[in-house]
file coords.tsv (TSV, N, CA and C atoms)
chain	number	residue	atom	x	y	z
V	1	MET	N	-7.42	-6.06	2.79
V	1	MET	CA	-8.61	-6.18	1.98
V	1	MET	C	-9.69	-6.88	2.82
V	2	THR	N	-10.86	-6.31	2.80
V	2	THR	CA	-11.96	-6.91	3.57
V	2	THR	C	-12.50	-8.15	2.86
V	3	LYS	N	-13.26	-8.94	3.60
V	3	LYS	CA	-13.87	-10.14	3.01
V	3	LYS	C	-14.79	-9.75	1.87
V	4	PHE	N	-15.54	-8.66	2.03
V	4	PHE	CA	-16.44	-8.19	0.97
V	4	PHE	C	-15.64	-7.83	-0.28
V	5	GLU	N	-14.52	-7.15	-0.12
V	5	GLU	CA	-13.69	-6.77	-1.26
V	5	GLU	C	-13.13	-8.01	-1.95
V	6	GLN	N	-12.71	-9.00	-1.18
V	6	GLN	CA	-12.20	-10.24	-1.77
V	6	GLN	C	-13.29	-10.95	-2.57
V	7	GLU	N	-14.47	-11.03	-1.99
V	7	GLU	CA	-15.58	-11.68	-2.70
V	7	GLU	C	-15.95	-10.92	-3.97
V	8	ASN	N	-15.87	-9.60	-3.91
V	8	ASN	CA	-16.15	-8.78	-5.08
V	8	ASN	C	-15.13	-9.02	-6.19
V	9	TRP	N	-13.84	-9.12	-5.82
V	9	TRP	CA	-12.79	-9.42	-6.79
V	9	TRP	C	-13.02	-10.77	-7.44
V	10	ILE	N	-13.35	-11.77	-6.63
V	10	ILE	CA	-13.59	-13.12	-7.16
V	10	ILE	C	-14.77	-13.10	-8.13
V	11	CYS	N	-15.84	-12.42	-7.75
V	11	CYS	CA	-17.01	-12.33	-8.62
V	11	CYS	C	-16.65	-11.66	-9.94
V	12	ASN	N	-15.89	-10.57	-9.88
V	12	ASN	CA	-15.48	-9.87	-11.09
V	12	ASN	C	-14.60	-10.75	-11.98
V	13	LEU	N	-13.68	-11.47	-11.37
V	13	LEU	CA	-12.82	-12.38	-12.13
V	13	LEU	C	-13.61	-13.51	-12.77
V	14	GLN	N	-14.57	-14.04	-12.03
V	14	GLN	CA	-15.42	-15.09	-12.59
V	14	GLN	C	-16.22	-14.58	-13.78
V	15	ASN	N	-16.74	-13.38	-13.68
V	15	ASN	CA	-17.49	-12.79	-14.79
V	15	ASN	C	-16.59	-12.55	-15.99
V	16	ALA	N	-15.38	-12.07	-15.75
V	16	ALA	CA	-14.43	-11.85	-16.84
V	16	ALA	C	-14.05	-13.17	-17.50
V	17	ALA	N	-13.81	-14.20	-16.68
V	17	ALA	CA	-13.45	-15.51	-17.21
V	17	ALA	C	-14.59	-16.09	-18.05
V	18	ALA	N	-15.81	-15.87	-17.62
V	18	ALA	CA	-16.97	-16.36	-18.38
V	18	ALA	C	-17.06	-15.66	-19.73
V	19	ALA	N	-16.78	-14.36	-19.74
V	19	ALA	CA	-16.82	-13.61	-21.00
V	19	ALA	C	-15.72	-14.08	-21.94
V	20	VAL	N	-14.53	-14.30	-21.42
V	20	VAL	CA	-13.42	-14.81	-22.25
V	20	VAL	C	-13.76	-16.19	-22.79
V	21	ALA	N	-14.30	-17.05	-21.93
V	21	ALA	CA	-14.66	-18.40	-22.36
V	21	ALA	C	-15.71	-18.36	-23.45
V	22	ALA	N	-16.66	-17.44	-23.36
V	22	ALA	CA	-17.70	-17.34	-24.38
V	22	ALA	C	-17.13	-16.92	-25.73
V	23	HIS	N	-16.10	-16.09	-25.71
V	23	HIS	CA	-15.53	-15.59	-26.97
V	23	HIS	C	-14.37	-16.43	-27.49
V	24	LEU	N	-13.54	-16.93	-26.57
V	24	LEU	CA	-12.31	-17.60	-26.99
V	24	LEU	C	-12.24	-19.07	-26.58
V	25	GLY	N	-13.16	-19.51	-25.75
V	25	GLY	CA	-13.19	-20.89	-25.33
V	25	GLY	C	-12.64	-21.11	-23.93
V	26	GLU	N	-13.13	-22.17	-23.33
V	26	GLU	CA	-12.74	-22.53	-21.97
V	26	GLU	C	-11.25	-22.84	-21.87
V	27	GLU	N	-10.68	-23.39	-22.92
V	27	GLU	CA	-9.25	-23.72	-22.90
V	27	GLU	C	-8.39	-22.48	-22.71
V	28	THR	N	-8.81	-21.36	-23.25
V	28	THR	CA	-8.07	-20.11	-23.08
V	28	THR	C	-8.05	-19.70	-21.62
V	29	VAL	N	-9.19	-19.81	-20.97
V	29	VAL	CA	-9.27	-19.48	-19.55
V	29	VAL	C	-8.37	-20.41	-18.74
V	30	LYS	N	-8.43	-21.69	-19.03
V	30	LYS	CA	-7.59	-22.66	-18.31
V	30	LYS	C	-6.11	-22.35	-18.51
V	31	HIS	N	-5.73	-21.98	-19.74
V	31	HIS	CA	-4.34	-21.66	-20.04
V	31	HIS	C	-3.86	-20.48	-19.19
V	32	VAL	N	-4.67	-19.45	-19.08
V	32	VAL	CA	-4.30	-18.27	-18.29
V	32	VAL	C	-4.18	-18.64	-16.82
V	33	LEU	N	-5.11	-19.44	-16.31
V	33	LEU	CA	-5.04	-19.84	-14.91
V	33	LEU	C	-3.76	-20.63	-14.64
V	34	VAL	N	-3.45	-21.58	-15.52
V	34	VAL	CA	-2.24	-22.39	-15.34
V	34	VAL	C	-0.99	-21.51	-15.40
V	35	LYS	N	-1.00	-20.53	-16.27
V	35	LYS	CA	0.14	-19.61	-16.39
V	35	LYS	C	0.44	-18.94	-15.05
V	36	TYR	N	-0.59	-18.68	-14.27
V	36	TYR	CA	-0.42	-18.03	-12.97
V	36	TYR	C	-0.49	-19.01	-11.80
V	37	GLY	N	-0.31	-20.30	-12.10
V	37	GLY	CA	-0.20	-21.31	-11.06
V	37	GLY	C	-1.49	-21.66	-10.36
V	38	ALA	N	-2.61	-21.48	-11.03
V	38	ALA	CA	-3.90	-21.79	-10.42
V	38	ALA	C	-4.69	-22.73	-11.29
V	39	ASP	N	-5.62	-23.44	-10.69
V	39	ASP	CA	-6.51	-24.29	-11.46
V	39	ASP	C	-7.95	-23.79	-11.38
V	40	SER	N	-8.14	-22.68	-10.68
V	40	SER	CA	-9.45	-22.05	-10.60
V	40	SER	C	-9.26	-20.58	-10.23
V	41	ILE	N	-10.32	-19.81	-10.37
V	41	ILE	CA	-10.27	-18.39	-9.99
V	41	ILE	C	-9.91	-18.27	-8.51
V	42	GLU	N	-10.52	-19.11	-7.70
V	42	GLU	CA	-10.27	-19.06	-6.26
V	42	GLU	C	-8.82	-19.43	-5.92
V	43	GLY	N	-8.16	-20.15	-6.82
V	43	GLY	CA	-6.78	-20.55	-6.60
V	43	GLY	C	-5.77	-19.46	-6.87
V	44	LEU	N	-6.21	-18.36	-7.44
V	44	LEU	CA	-5.30	-17.24	-7.68
V	44	LEU	C	-4.99	-16.55	-6.36
V	45	LYS	N	-3.78	-16.22	-6.17
V	45	LYS	CA	-3.38	-15.51	-4.93
V	45	LYS	C	-2.72	-14.21	-5.26
call {"tool": "encode", "arguments": {"input": "coords.tsv", "output": "structure tokens"}}
result
Amino acid sequence: MTKFEQENWICNLQNAAAAVAAHLGEETVKHVLVKYGADSIEGLK
């Protein structure tokens, strides 16, 4: 995956997380991140 593709994925995930947070709350986003062993979008591998 190129650097551009990685940055695009991160941007898309951040936008999706913002939409989820707007509808369901920030805690929901945090719960999903923790479920996958991350504390931020960038922490997802």
call {"tool": "atom_distance", "arguments": {"input": "coords.tsv", "atom1": "atom N of V:Phe4", "atom2": "atom C of V:Ala21"}}
result
27.3 Å
call {"tool": "atom_distance", "arguments": {"input": "coords.tsv", "atom1": "atom CA of V:Leu33", "atom2": "atom CA of V:Lys3"}}
result
22.2 Å
call {"tool": "atom_distance", "arguments": {"input": "coords.tsv", "atom1": "atom N of V:Val29", "atom2": "atom N of V:Gln14"}}
result
11.9 Å
call {"tool": "axis_aligned_box", "arguments": {"input": "coords.tsv", "around": "stretch 20-31 of chain V", "padding_each_side": "5 Å", "output": "lines of an AutoDock Vina configuration file"}}
result
center_x = -10.8
center_y = -19.0
center_z = -22.9
size_x = 23.8
size_y = 19.4
size_z = 19.2
call {"tool": "select_by_dssp", "arguments": {"input": "coords.tsv", "residues": "chain V", "states": "alpha helix (DSSP H)", "output": "VMD selection string"}}
result
chain V and resid 3 to 24 26 to 35
